[in-house]
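Structure data (mmCIF, C-alpha atoms and all ligand atoms) from start-v4.cif:
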data_my_file
#
loop_
_atom_site.label_atom_id
_atom_site.label_comp_id
_atom_site.auth_asym_id
_atom_site.auth_seq_id
_atom_site.Cartn_x
_atom_site.Cartn_y
_atom_site.Cartn_z
CA MET F 140 0.00 0.00 0.00
CA HIS F 141 1.08 3.54 -0.74
CA GLN F 142 4.34 2.30 -2.21
CA ASN F 143 4.78 5.55 -4.08
CA PHE F 144 4.82 7.78 -1.04
CA GLN F 145 8.07 8.68 0.68
CA LYS F 146 8.87 6.72 3.78
CA THR F 147 10.77 7.06 7.02
CA ILE F 148 11.02 4.89 10.12
CA LYS F 149 8.25 5.03 12.74
CA GLU F 150 10.53 5.01 15.76
CA ALA F 151 14.18 5.68 16.45
CA ILE F 152 16.60 2.76 16.14
CA GLN F 153 19.62 2.18 18.40
CA LEU F 154 22.43 -0.18 17.42
CA GLU F 155 26.05 -0.64 18.41
CA GLY F 156 29.00 -2.43 16.96
CA VAL F 157 32.58 -1.95 15.79
CA GLY F 158 33.85 -0.23 12.68
CA LEU F 159 35.31 -2.75 10.22
CA HIS F 160 38.19 -0.47 9.28
CA ASN F 161 38.77 1.71 12.36
CA GLY F 162 37.95 -1.00 14.92
CA ILE F 163 36.19 1.57 17.16
CA LYS F 164 33.14 0.63 19.19
CA THR F 165 30.39 2.84 17.80
CA ASN F 166 26.85 3.78 18.74
CA LEU F 167 24.44 4.21 15.89
CA SER F 168 21.08 5.86 16.21
CA ILE F 169 18.67 6.26 13.31
CA GLU F 170 15.93 8.88 13.69
CA PRO F 171 12.93 9.54 11.45
CA GLY F 172 13.57 12.19 8.78
CA VAL F 173 11.09 14.73 7.37
CA ALA F 174 9.86 14.35 3.77
CA ASN F 175 12.31 15.42 1.04
CA SER F 176 15.24 15.50 3.48
CA GLY F 177 16.88 12.30 2.21
CA ILE F 178 19.39 10.28 4.19
CA VAL F 179 21.57 12.52 6.34
CA PHE F 180 24.49 11.42 8.52
CA LYS F 181 25.32 13.29 11.70
CA ARG F 182 28.59 12.81 13.62
CA THR F 183 27.71 13.32 17.29
CA ASP F 184 31.42 13.40 18.23
CA ILE F 185 31.99 16.51 16.08
CA GLU F 186 30.91 20.07 16.92
CA LYS F 187 27.58 21.34 15.61
CA GLY F 188 27.67 23.19 12.33
CA LYS F 189 30.33 20.90 10.92
CA ASN F 190 28.90 17.48 11.66
CA ILE F 191 26.25 16.94 8.96
CA ILE F 192 27.13 14.85 5.91
CA GLU F 193 24.51 14.29 3.23
CA ALA F 194 24.33 10.88 1.63
CA ASN F 195 25.00 11.96 -1.93
CA TYR F 196 27.26 10.50 -4.65
CA GLN F 197 28.98 13.88 -4.95
CA ASN F 198 30.17 13.63 -1.34
CA VAL F 199 31.91 10.28 -1.91
CA SER F 200 35.62 10.50 -1.19
CA SER F 201 38.26 7.85 -1.99
CA PRO F 202 35.92 4.85 -2.02
CA ILE F 203 38.56 2.18 -1.32
CA LEU F 204 37.18 -1.03 0.22
CA CYS F 205 34.16 0.90 1.48
CA THR F 206 32.05 3.93 0.66
CA LYS F 207 33.09 7.05 2.55
CA ILE F 208 31.36 10.42 2.34
CA LYS F 209 32.78 13.78 3.31
CA ASN F 210 31.28 17.24 3.90
CA SER F 211 32.79 20.64 3.06
CA HIS F 212 34.47 20.77 6.50
CA GLY F 213 36.35 17.55 5.75
CA VAL F 214 34.25 15.53 8.22
CA THR F 215 33.70 11.97 7.01
CA VAL F 216 31.69 8.86 7.69
CA SER F 217 32.65 5.59 6.10
CA THR F 218 31.31 2.11 5.43
CA ILE F 219 27.82 3.46 4.88
CA GLU F 220 26.99 1.08 1.99
CA HIS F 221 25.28 -1.79 3.83
CA LEU F 222 23.03 0.57 5.78
CA MET F 223 22.27 2.47 2.58
CA ALA F 224 21.36 -0.82 0.87
CA ALA F 225 18.95 -1.59 3.72
CA PHE F 226 17.32 1.82 3.17
CA TYR F 227 17.11 1.15 -0.56
CA GLY F 228 15.53 -2.26 -0.22
CA GLU F 229 13.15 -1.31 2.59
CA GLY F 230 11.99 1.80 0.74
CA ILE F 231 13.22 4.31 3.35
CA ASP F 232 13.70 7.76 1.77
CA ASN F 233 14.31 10.00 4.75
CA ALA F 234 16.30 9.35 7.93
CA ILE F 235 18.92 10.94 10.17
CA VAL F 236 21.76 8.57 11.01
CA GLU F 237 23.67 9.63 14.12
CA VAL F 238 27.02 8.04 14.77
CA ASP F 239 29.71 8.78 17.39
CA SER F 240 32.73 7.72 15.33
CA PRO F 241 33.83 8.11 11.70
CA GLU F 242 32.52 4.70 10.65
CA ILE F 243 29.18 2.89 10.59
CA PRO F 244 29.44 -0.36 12.59
CA ILE F 245 29.96 -3.40 10.42
CA MET F 246 27.60 -5.63 12.45
CA ASP F 247 27.87 -9.15 10.94
CA GLY F 248 29.32 -7.88 7.64
CA SER F 249 25.93 -7.81 5.94
CA ALA F 250 22.82 -5.58 6.04
CA PHE F 251 20.87 -8.12 8.11
CA ASP F 252 20.85 -6.24 11.45
CA PHE F 253 19.96 -2.93 9.79
CA VAL F 254 17.02 -4.48 7.96
CA GLU F 255 15.79 -6.24 11.11
CA ALA F 256 16.01 -2.97 13.04
CA ILE F 257 14.13 -1.02 10.36
CA ARG F 258 11.40 -3.65 10.25
CA SER F 259 10.99 -3.73 14.00
CA ALA F 260 10.87 0.08 14.23
CA GLY F 261 8.19 0.08 11.53
CA ILE F 262 7.90 2.11 8.35
CA GLN F 263 5.99 5.39 8.23
CA ASN F 264 4.41 6.66 5.03
CA GLN F 265 4.83 10.38 4.43
CA LYS F 266 2.66 12.82 2.53
CA HIS F 267 4.98 13.46 -0.41
CA LEU F 268 5.35 11.17 -3.42
CA LYS F 269 8.67 9.50 -4.14
CA LYS F 270 10.68 10.77 -7.09
CA PHE F 271 12.35 8.08 -9.17
CA ILE F 272 15.25 8.57 -11.54
CA LYS F 273 14.42 7.25 -14.97
CA VAL F 274 17.42 6.37 -17.09
CA LEU F 275 17.03 7.76 -20.62
CA LYS F 276 20.35 6.78 -22.21
CA LYS F 277 23.01 4.15 -21.67
CA VAL F 278 26.11 5.36 -19.85
CA GLU F 279 29.18 3.16 -19.53
CA ILE F 280 32.54 3.29 -17.74
CA LYS F 281 35.39 0.97 -18.74
CA GLU F 282 38.67 0.57 -16.89
CA GLY F 283 40.86 -2.24 -18.18
CA ASN F 284 38.96 -5.48 -17.60
CA LYS F 285 36.37 -3.78 -15.43
CA HIS F 286 33.23 -2.17 -16.66
CA ILE F 287 29.92 -0.84 -15.43
CA SER F 288 26.96 0.54 -17.34
CA ILE F 289 23.43 1.70 -16.71
CA GLU F 290 20.68 1.66 -19.29
CA PRO F 291 16.94 2.33 -19.47
CA LEU F 292 14.47 -0.07 -17.83
CA ALA F 293 10.80 0.62 -17.09
CA ASN F 294 9.79 0.89 -13.41
CA ASP F 295 12.32 -1.54 -11.97
CA LEU F 296 15.97 -1.99 -11.07
CA ILE F 297 18.13 -4.82 -12.36
CA ILE F 298 21.69 -5.32 -11.14
CA ASP F 299 23.62 -7.77 -13.29
CA PHE F 300 26.91 -8.40 -11.47
CA GLU F 301 29.89 -10.52 -12.40
CA VAL F 302 32.76 -11.19 -9.99
CA VAL F 303 36.02 -12.48 -11.43
CA TYR F 304 38.59 -13.93 -9.05
CA GLU F 305 41.49 -16.24 -9.68
CA ASN F 306 40.65 -17.86 -6.35
CA PRO F 307 39.23 -21.34 -7.07
CA LEU F 308 36.39 -20.95 -4.63
CA ILE F 309 35.12 -17.51 -5.67
CA ARG F 310 36.18 -17.72 -9.35
CA THR F 311 33.81 -16.16 -11.91
CA ARG F 312 30.21 -15.81 -10.85
CA ARG F 313 27.50 -13.79 -12.41
CA LYS F 314 24.06 -13.04 -11.10
CA THR F 315 21.18 -10.93 -12.32
CA PHE F 316 19.06 -9.51 -9.53
CA LYS F 317 15.72 -7.91 -10.33
CA LEU F 318 14.41 -5.84 -7.43
CA SER F 319 10.71 -6.42 -8.05
CA THR F 320 10.95 -10.20 -8.08
CA GLY F 321 14.35 -11.06 -6.59
CA ASP F 322 15.05 -12.50 -3.16
CA LEU F 323 16.16 -9.52 -1.10
CA THR F 324 16.76 -11.68 1.98
CA SER F 325 19.71 -13.46 0.40
CA ILE F 326 21.11 -10.11 -0.73
CA TYR F 327 20.67 -8.52 2.71
CA ASN F 328 22.33 -11.32 4.64
CA SER F 329 25.35 -11.77 2.38
CA ARG F 330 28.56 -10.81 4.17
CA THR F 331 31.58 -8.90 3.02
CA PHE F 332 34.55 -11.10 2.08
CA CYS F 333 38.26 -11.00 1.52
CA LEU F 334 41.13 -13.24 0.55
CA TYR F 335 43.37 -14.41 3.38
CA GLU F 336 46.47 -13.42 1.41
CA ASP F 337 45.23 -9.82 1.06
CA ILE F 338 44.75 -9.26 4.80
CA ASP F 339 48.33 -8.06 5.49
CA GLN F 340 48.18 -5.59 2.64
CA ILE F 341 44.74 -4.30 3.69
CA LYS F 342 45.96 -3.89 7.30
CA SER F 343 49.11 -2.10 6.13
CA GLN F 344 46.81 0.60 4.71
CA GLY F 345 45.38 1.06 8.21
CA LEU F 346 42.16 -0.71 7.23
CA ALA F 347 40.22 -3.71 8.60
CA LYS F 348 41.32 -3.06 12.21
CA GLY F 349 37.92 -4.32 13.37
CA GLY F 350 37.80 -7.18 10.88
CA SER F 351 37.25 -10.70 12.16
CA LEU F 352 35.56 -13.94 11.21
CA ASP F 353 32.48 -12.52 12.99
CA ASN F 354 32.04 -9.82 10.36
CA ALA F 355 33.71 -11.03 7.17
CA ILE F 356 34.12 -14.18 5.15
CA VAL F 357 37.78 -15.03 4.78
CA VAL F 358 38.77 -17.26 1.87
CA LYS F 359 42.11 -19.10 1.84
CA ALA F 360 42.73 -21.00 -1.39
CA ASN F 361 39.71 -23.28 -1.69
CA LYS F 362 38.71 -23.05 1.97
CA ILE F 363 36.38 -20.76 3.86
CA LEU F 364 37.97 -20.03 7.26
CA ASN F 365 34.64 -19.19 8.95
CA ASP F 366 33.35 -22.18 10.93
CA ASP F 367 29.93 -22.24 9.37
CA GLY F 368 31.07 -21.66 5.80
CA LEU F 369 28.88 -19.66 3.45
CA ARG F 370 25.29 -18.67 4.19
CA HIS F 371 24.39 -19.56 0.62
CA ARG F 372 26.10 -20.47 -2.60
CA ASP F 373 25.86 -17.01 -4.14
CA GLU F 374 27.03 -15.13 -1.06
CA PHE F 375 30.05 -13.48 -2.76
CA VAL F 376 28.21 -12.08 -5.76
CA ASN F 377 25.15 -11.31 -3.63
CA HIS F 378 27.28 -9.15 -1.36
CA LYS F 379 28.56 -7.23 -4.38
CA ILE F 380 24.95 -6.64 -5.44
CA LEU F 381 24.21 -5.39 -1.90
CA ASP F 382 27.15 -2.96 -2.11
CA CYS F 383 25.99 -1.76 -5.53
CA MET F 384 22.43 -1.19 -4.30
CA GLY F 385 23.78 0.80 -1.32
CA ASP F 386 25.92 2.95 -3.60
CA LEU F 387 22.96 3.59 -5.91
CA MET F 388 21.05 4.95 -2.89
CA LEU F 389 23.51 7.86 -3.04
CA LEU F 390 21.58 9.11 -6.08
CA GLY F 391 19.09 10.50 -3.55
CA SER F 392 16.21 8.74 -5.32
CA ARG F 393 15.70 5.17 -6.44
CA VAL F 394 16.58 4.47 -10.00
CA PHE F 395 14.65 2.79 -12.77
CA GLY F 396 17.42 1.26 -14.81
CA HIS F 397 19.50 -1.78 -15.66
CA VAL F 398 23.01 -1.86 -14.21
CA LYS F 399 25.53 -4.29 -15.71
CA THR F 400 28.98 -4.70 -14.30
CA SER F 401 31.95 -6.99 -14.35
CA GLN F 402 34.42 -6.56 -11.47
CA GLY F 403 32.59 -3.46 -10.31
CA GLY F 404 33.06 -1.92 -6.90
CA HIS F 405 32.48 1.26 -4.93
CA GLN F 406 34.90 3.34 -6.98
CA LEU F 407 33.55 2.25 -10.36
CA THR F 408 29.92 2.72 -9.27
CA ASN F 409 30.73 6.23 -8.09
CA LYS F 410 32.42 7.08 -11.40
CA LEU F 411 29.33 5.86 -13.21
CA LEU F 412 27.02 8.01 -11.07
CA ARG F 413 29.15 11.11 -11.64
CA GLU F 414 29.26 10.52 -15.40
CA PHE F 415 25.55 9.70 -15.52
CA PHE F 416 24.55 12.93 -13.75
CA SER F 417 27.00 15.11 -15.64
CA ASP F 418 24.62 15.20 -18.62
CA LYS F 419 21.02 16.29 -18.07
CA THR F 420 19.90 14.30 -21.11
CA ASN F 421 20.81 10.98 -19.43
CA TRP F 422 17.89 10.99 -17.01
CA GLU F 423 14.69 12.56 -15.78
CA PHE F 424 12.57 12.37 -12.66
CA GLN F 425 9.54 10.12 -12.74
CA ILE F 426 6.69 10.26 -10.26
CA LEU F 427 4.27 7.37 -10.10
CA GLU F 428 0.77 8.48 -9.23
CA GLU F 429 -1.17 6.18 -6.96
CA LYS F 430 -3.67 5.42 -9.72
CA GLU F 431 -0.90 3.96 -11.89
CA LYS F 432 -0.12 1.46 -9.21
CA THR F 433 -0.63 -2.08 -10.40
CA HIS F 434 1.63 -4.07 -8.15
CA LYS F 435 -0.90 -4.56 -5.38
CA ASP F 436 -2.10 -7.82 -6.77
CA SER F 437 1.02 -8.74 -8.64
CA GLY F 438 2.42 -10.99 -5.96
CA TYR F 439 5.62 -9.05 -5.32
CA PRO F 440 7.16 -10.29 -2.12
CA SER F 441 6.58 -8.01 0.85
CA PRO F 442 8.10 -5.63 1.87
CA ILE F 443 9.35 -4.40 -1.48
CA ALA F 444 8.50 -0.85 -0.85
CA VAL F 445 10.44 0.78 -3.58
CA ILE F 446 8.70 0.36 -6.87
CA ALA F 447 5.28 0.61 -8.32
ZN ZN Q 501 30.16 -4.46 1.33
#
Take the structure in the file and give it back as structure tokens.
Amino acid sequence: MHQNFQKTIKEAIQLEGVGLHNGIKTNLSIEPGVANSGIVFKRTDIEKGKNIIEANYQNVSSPILCTKIKNSHGVTVSTIEHLMAAFYGEGIDNAIVEVDSPEIPIMDGSAFDFVEAIRSAGIQNQKHLKKFIKVLKKVEIKEGNKHISIEPLANDLIIDFEVVYENPLIRTRRKTFKLSTGDLTSIYNSRTFCLYEDIDQIKSQGLAKGGSLDNAIVVKANKILNDDGLRHRDEFVNHKILDCMGDLMLLGSRVFGHVKTSQGGHQLTNKLLREFFSDKTNWEFQILEEKEKTHKDSGYPSPIAVIA
């Protein structure tokens, strides 16, 4: 019902956990946001006037191994992508995310806890209609073997993701996820992953200080080091789809389009969004009036709250 109206959460959410990269114990509080305010991050450990960072692709700064956003005062918040993916999938348009450190807690490495928290707080419809971004023209970014593109698609989002690893366990996997009919649960609960042999190099960059087998899948040759193995067969590529969905949320509106990528990641997605928005003829806003709504009886799995 009322899928086309903007949404926020009914009640505030409190969570705590450690930052994957900074290793700091962090308190996270998500408050309802007013209509048309979008997703706004607020650093409670930074003085007022400098502590607001809007979740916007233009504020993304050096997206290496996570998505980090920065305001004009240089204040940052990082690893926002799994929370942003939860907002995307659950249809939340407006919220204030308060955090007392520079990084969103990693929780179990997936979006599971964020989604559970949003669902238990409840979702509030607001009086304003959602604005969707309709892709009008194909835009593509290529970098060596990597590429990402977005092209027109009516009233839905498809993410077609290919991961290519030499590792014998991850290897090449491709999955096409359609938001209106896909299984969001297996996207939400897919955890971040890394190769055992990369850990030293990642740590030497000052990253992954809070990383452990409790919040990341670690793959060594053809073995998963986590006791319980994978949550499902597609967990690697599903996590990449989760990341991509979270990064798309930085458009400020949900997108009607078809994303195709091989070896994509935060940096490539951000380049695509910048290129896409640099030309006004690539897109337009689309508003779905309630009377156009046809999904009510279409059997879409609840709670897909994002499309008509
Ligand atoms: Zn991720």
Margin query: Around ligand ZN 501 (chain Q), which protein and nucleic acid residues have at least one atom no more than 7 Å from it, if we count only C-alpha atoms and all ligand atoms? List them as a ChimeraX atom specification.
Written below: /F:205,220-221,331,378-379,381-382
Adding 5 Å on each side of the box along x, y and z that holds all listed atoms of stretch 345-351 of chain F, could you give its centre and edge lengths in Å to one decimal, as lines of an AutoDock Vina configuration file?
center_x = 41.3
center_y = -4.8
center_z = 10.3
size_x = 18.1
size_y = 21.8
size_z = 16.1
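Contact shell of F:Asn198 at 10 Å (only C-alpha atoms; same-chain neighbours under 6 positions omitted): F:Ile192, F:Lys207, F:Ile208, F:Lys209, F:Asn210, F:Ser211, F:Thr215, F:Leu389.
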With C-alpha atoms retained, export the selected residues as a JSON list (two decimals), keeping the file's coordinate frame.
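The file below, selection.json, is the result:
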[["chain", "number", "residue", "atom", "x", "y", "z"],
["F", 192, "ILE", "CA", 27.13, 14.85, 5.91],
["F", 207, "LYS", "CA", 33.09, 7.05, 2.55],
["F", 208, "ILE", "CA", 31.36, 10.42, 2.34],
["F", 209, "LYS", "CA", 32.78, 13.78, 3.31],
["F", 210, "ASN", "CA", 31.28, 17.24, 3.90],
["F", 211, "SER", "CA", 32.79, 20.64, 3.06],
["F", 215, "THR", "CA", 33.70, 11.97, 7.01],
["F", 389, "LEU", "CA", 23.51, 7.86, -3.04]]
Notebook entry, point to check: Pick from F:Gly368, F:Gly345, F:Gly248, F:Gly213: nearest to F:Asn328, with all atoms listed in the file counted?
Noted result: F:Gly248
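The gap separating atom CA of F:Pro202 from atom CA of F:Glu290 is 23.3 Å, in Å to one decimal.
Taking atom CA of F:Val238 and atom CA of F:Glu150 as the two end points, the separation is 16.8 Å.
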Check: What is the atom CA of F:Phe375-atom CA of F:Ile297 distance in Å, reported with one decimal?
Finding: 17.6 Å
Margin query: Between F:Ala250, F:Ile148, F:Ile426, F:Leu167, which residue has the minimum interatomic distance to F:Gln265, considering all atoms listed in the file?
Written below: F:Ile148
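Ranking F:Pro291, F:Gly162, F:Gly403, F:Gly228 by their shortest atom-to-atom distance to F:Arg313, with all atoms listed in the file included, puts F:Gly403 first.
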